[in-house]
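Colleague: Pasting a structure below so you can have a look.
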Amino acid sequence: NYEEASKYLLTEEGLQTLAHADCMGIVDYLGLQKATAEQLKATENQYFLTDYRWNWAKSNIDRAILEGWVKGYEDDTVRPARTVTRGEFVSFLGRAAGVENVCQKAPFPDVPADKYCAAYVRWAADNGIVAGFNKDEFRPDALITREQIAKIMACYLRYLGCDIGCTYSLEDYDIADIDSIGAWSRPYVTFCYEKQLLLGTSAGTFAPKRSATRAEACAVLVRMIDYAAAHAAPLA
């Protein structure tokens, strides 16, 4: 009856069902093209990943999920505010680059062959996209920082044949915490900041040591992939 239906629609399951039905109705109404089998496989739970509906990076998260770069959790969440580890970010990048996740040992003892990110770390290390803290440590479970992301992004774009030279120096930008940006990361931060691949904070800082969230990771991946599409040289 009406009362029981109303109560059901106020539950989480009811809201998910309603959202799914609404999406399907819009698709039918607009006559949108049917998704391919590959898209359906990548997005089989997309309608139920509901915890980022109002997130600032929703469109970027949508794309990252649709393309298969980032995956949801078993409880049908994306957890956009959850911080990202070094292994996770390199895995996101590897999937975006089309790297096959075949079990293989990375060149770091702390990334064994059966580690979920081993194939991606191996690919990134072999192509000069990542480096360890020393020859024995990649620290896949350590949270990744914004300046580390800047280096990985710039090195990936260089690997694709992009020019990562900068028009200006970092000192030419009004960054309040410029002194906290490591000397090793400054060329990469400058490039990413100049090309607006990695933005500053609302407080006028860059926050180089701050950990990145999953929402931020999706946003920078989308910017980087779009930049590569416009500027990368064809790989031999």
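Residue numbering restarts at 1 for every chain of the structure tokens, chains are lettered A, B, ... in their displayed order, and ligands are numbered from 1 as they appear.
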Among segment 17-234 of chain A, which ones does DSSP place in strand (DSSP E or B), written as a list in words?
Modeller: Thr83, Thr85, Asn134, Glu137, Leu143, Thr145, Ser211 and Thr213 of chain A
Colleague: Taking a cut-off of 10 Å and counting only C-alpha atoms, can you build a table that, for each residue of segment 63-96 of chain A near segment 100-110 of chain A, reports the nearest atom pair and how far apart they are in Å (one decimal), sorted by chain then residue number, as CSV?
Modeller:
```
residue,atom,partner,partner_atom,distance
A:Ser91,CA,A:Asn101,CA,9.0
A:Gly94,CA,A:Glu100,CA,8.1
A:Arg95,CA,A:Glu100,CA,7.6
```
Colleague: Between A:Ser185, A:Thr167, A:Asn134, A:Thr201, which has the minimum distance to Met153 of chain A (counting only C-alpha atoms)?
Modeller: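 For Met153 of chain A, the nearest of the given residues is A:Ser185.
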Colleague: For Ile164 of chain A, work out the shell of residues within 9 Å, counting only C-alpha atoms and skipping chain neighbours fewer than 3 positions away, then give it as a ChimeraX atom specification.
Modeller: /A:154-155,157-158,161,187-188,191-192
Colleague: Write a file of the selected residues as a compact mmCIF listing (two decimals), in the first residue's frame, keeping N, CA and C atoms.
Modeller:
```txt
# COMPACT_ATOMS: atom_id res chain seq x y z
N ALA A 154 54.23 14.38 -13.76
CA ALA A 154 55.17 14.98 -14.72
C ALA A 154 56.00 13.91 -15.41
N CYS A 155 56.46 12.92 -14.66
CA CYS A 155 57.28 11.86 -15.24
C CYS A 155 56.47 10.98 -16.20
N LEU A 157 53.91 12.05 -18.00
CA LEU A 157 53.73 12.86 -19.21
C LEU A 157 55.02 12.94 -20.03
N ARG A 158 56.15 12.99 -19.35
CA ARG A 158 57.44 12.96 -20.06
C ARG A 158 57.62 11.62 -20.78
N GLY A 161 56.08 11.60 -23.99
CA GLY A 161 56.65 12.50 -24.98
C GLY A 161 56.28 13.95 -24.81
N PRO A 187 60.76 21.18 -9.65
CA PRO A 187 60.52 21.22 -11.11
C PRO A 187 59.18 20.60 -11.50
N TYR A 188 58.82 19.52 -10.80
CA TYR A 188 57.58 18.82 -11.12
C TYR A 188 56.36 19.59 -10.61
N PHE A 191 55.76 22.56 -12.93
CA PHE A 191 55.09 22.15 -14.18
C PHE A 191 53.61 21.89 -13.93
N CYS A 192 53.29 21.09 -12.93
CA CYS A 192 51.89 20.74 -12.66
C CYS A 192 51.07 21.95 -12.25
```
Colleague: Mind listing the helix (DSSP H, G or I) residues of segment 50-213 of chain A, per DSSP on the backbone, as a PDB file with C-alpha atoms, in the first residue's frame?
Modeller:
```pdb
ATOM      1  CA  LYS A  58      31.723  13.938  -8.805  1.00  0.00           C
ATOM      2  CA  SER A  59      32.210  14.299 -12.566  1.00  0.00           C
ATOM      3  CA  ASN A  60      35.864  13.253 -12.256  1.00  0.00           C
ATOM      4  CA  ILE A  61      34.961  10.290 -10.046  1.00  0.00           C
ATOM      5  CA  ASP A  62      32.252   9.280 -12.523  1.00  0.00           C
ATOM      6  CA  ARG A  63      34.798   9.245 -15.326  1.00  0.00           C
ATOM      7  CA  ALA A  64      37.453   7.408 -13.326  1.00  0.00           C
ATOM      8  CA  ILE A  65      34.934   4.687 -12.466  1.00  0.00           C
ATOM      9  CA  LEU A  66      33.535   4.514 -15.997  1.00  0.00           C
ATOM     10  CA  ARG A  86      51.494   5.214  -3.102  1.00  0.00           C
ATOM     11  CA  GLY A  87      50.594   1.740  -4.326  1.00  0.00           C
ATOM     12  CA  GLU A  88      46.987   2.731  -4.937  1.00  0.00           C
ATOM     13  CA  PHE A  89      47.861   5.855  -6.913  1.00  0.00           C
ATOM     14  CA  VAL A  90      50.310   4.002  -9.144  1.00  0.00           C
ATOM     15  CA  SER A  91      47.605   1.364  -9.692  1.00  0.00           C
ATOM     16  CA  PHE A  92      45.118   4.065 -10.731  1.00  0.00           C
ATOM     17  CA  LEU A  93      47.703   5.439 -13.144  1.00  0.00           C
ATOM     18  CA  GLY A  94      48.601   2.017 -14.501  1.00  0.00           C
ATOM     19  CA  ARG A  95      44.968   1.220 -15.263  1.00  0.00           C
ATOM     20  CA  ALA A  96      44.551   4.628 -16.929  1.00  0.00           C
ATOM     21  CA  ALA A 118      53.215  -5.066  -8.235  1.00  0.00           C
ATOM     22  CA  ALA A 119      52.611  -5.049 -12.004  1.00  0.00           C
ATOM     23  CA  TYR A 120      51.861  -1.330 -12.011  1.00  0.00           C
ATOM     24  CA  VAL A 121      54.857  -0.448  -9.849  1.00  0.00           C
ATOM     25  CA  ARG A 122      57.085  -2.566 -12.104  1.00  0.00           C
ATOM     26  CA  TRP A 123      55.776  -0.781 -15.216  1.00  0.00           C
ATOM     27  CA  ALA A 124      56.156   2.661 -13.642  1.00  0.00           C
ATOM     28  CA  ALA A 125      59.670   1.960 -12.352  1.00  0.00           C
ATOM     29  CA  ASP A 126      60.814   0.463 -15.674  1.00  0.00           C
ATOM     30  CA  ARG A 146      50.778  16.021  -3.251  1.00  0.00           C
ATOM     31  CA  GLU A 147      54.388  16.703  -4.232  1.00  0.00           C
ATOM     32  CA  GLN A 148      54.929  12.990  -4.886  1.00  0.00           C
ATOM     33  CA  ILE A 149      51.862  13.025  -7.134  1.00  0.00           C
ATOM     34  CA  ALA A 150      53.297  16.038  -8.977  1.00  0.00           C
ATOM     35  CA  LYS A 151      56.493  14.118  -9.731  1.00  0.00           C
ATOM     36  CA  ILE A 152      54.652  11.004 -10.880  1.00  0.00           C
ATOM     37  CA  MET A 153      52.332  13.027 -13.126  1.00  0.00           C
ATOM     38  CA  ALA A 154      55.168  14.984 -14.717  1.00  0.00           C
ATOM     39  CA  CYS A 155      57.283  11.861 -15.241  1.00  0.00           C
ATOM     40  CA  TYR A 156      54.353  10.015 -16.797  1.00  0.00           C
ATOM     41  CA  LEU A 157      53.732  12.861 -19.212  1.00  0.00           C
ATOM     42  CA  ARG A 158      57.444  12.955 -20.056  1.00  0.00           C
ATOM     43  CA  TYR A 159      57.283   9.211 -20.728  1.00  0.00           C
ATOM     44  CA  LEU A 170      58.007  28.432  -8.814  1.00  0.00           C
ATOM     45  CA  GLU A 171      59.008  31.714  -7.164  1.00  0.00           C
ATOM     46  CA  ASP A 172      56.987  33.612  -9.791  1.00  0.00           C
ATOM     47  CA  ILE A 178      56.569  27.664  -1.087  1.00  0.00           C
ATOM     48  CA  ASP A 179      59.380  27.038   1.406  1.00  0.00           C
ATOM     49  CA  SER A 180      57.831  23.697   2.385  1.00  0.00           C
ATOM     50  CA  ALA A 183      63.932  20.881  -3.701  1.00  0.00           C
ATOM     51  CA  TRP A 184      63.623  17.448  -5.360  1.00  0.00           C
ATOM     52  CA  SER A 185      59.971  18.085  -6.295  1.00  0.00           C
ATOM     53  CA  ARG A 186      60.107  21.756  -7.352  1.00  0.00           C
ATOM     54  CA  PRO A 187      60.521  21.221 -11.109  1.00  0.00           C
ATOM     55  CA  TYR A 188      57.578  18.818 -11.118  1.00  0.00           C
ATOM     56  CA  VAL A 189      55.391  20.961  -8.849  1.00  0.00           C
ATOM     57  CA  THR A 190      56.151  23.998 -11.027  1.00  0.00           C
ATOM     58  CA  PHE A 191      55.089  22.146 -14.179  1.00  0.00           C
ATOM     59  CA  CYS A 192      51.890  20.738 -12.661  1.00  0.00           C
ATOM     60  CA  TYR A 193      50.990  24.078 -11.075  1.00  0.00           C
ATOM     61  CA  GLU A 194      51.679  26.011 -14.268  1.00  0.00           C
TER      62      GLU A 194
END
```
Colleague: If I take atom CA of Thr50 of chain A and atom CA of Tyr73 of chain A, how far is one from the other in Å, to one decimal?
Modeller: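 Separation of atom CA of Thr50 of chain A and atom CA of Tyr73 of chain A: 11.4 Å.
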Colleague: Can you pull out the residues contacting Val220 of chain A? Cut-off 8 Å, using only C-alpha atoms, and skip same-chain residues under 4 positions away; I want them as number ranges by chain.
Modeller: A: 197-198, 216, 224
Colleague: For the atom pair atom CA of Cys162 of chain A and atom CA of His231 of chain A, what is the interatomic distance in Å to one decimal place?
Modeller: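 Rounded to one decimal, the two atoms are 6.0 Å apart.
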Colleague: Determine the nearest neighbour of Ile144 of chain A from the options A:Pro208, A:Gly72, A:Pro80, A:Gly128, counting only C-alpha atoms.
Modeller: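 Using only C-alpha atoms, the shortest distance to Ile144 of chain A belongs to A:Pro208.
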Colleague: Point out the residue among A:Ala230, A:Ala81, A:Ala113, A:Ala176 with the least atom-to-atom distance to Trp56 of chain A, counting only C-alpha atoms.
Modeller: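 Closest candidate: A:Ala81.
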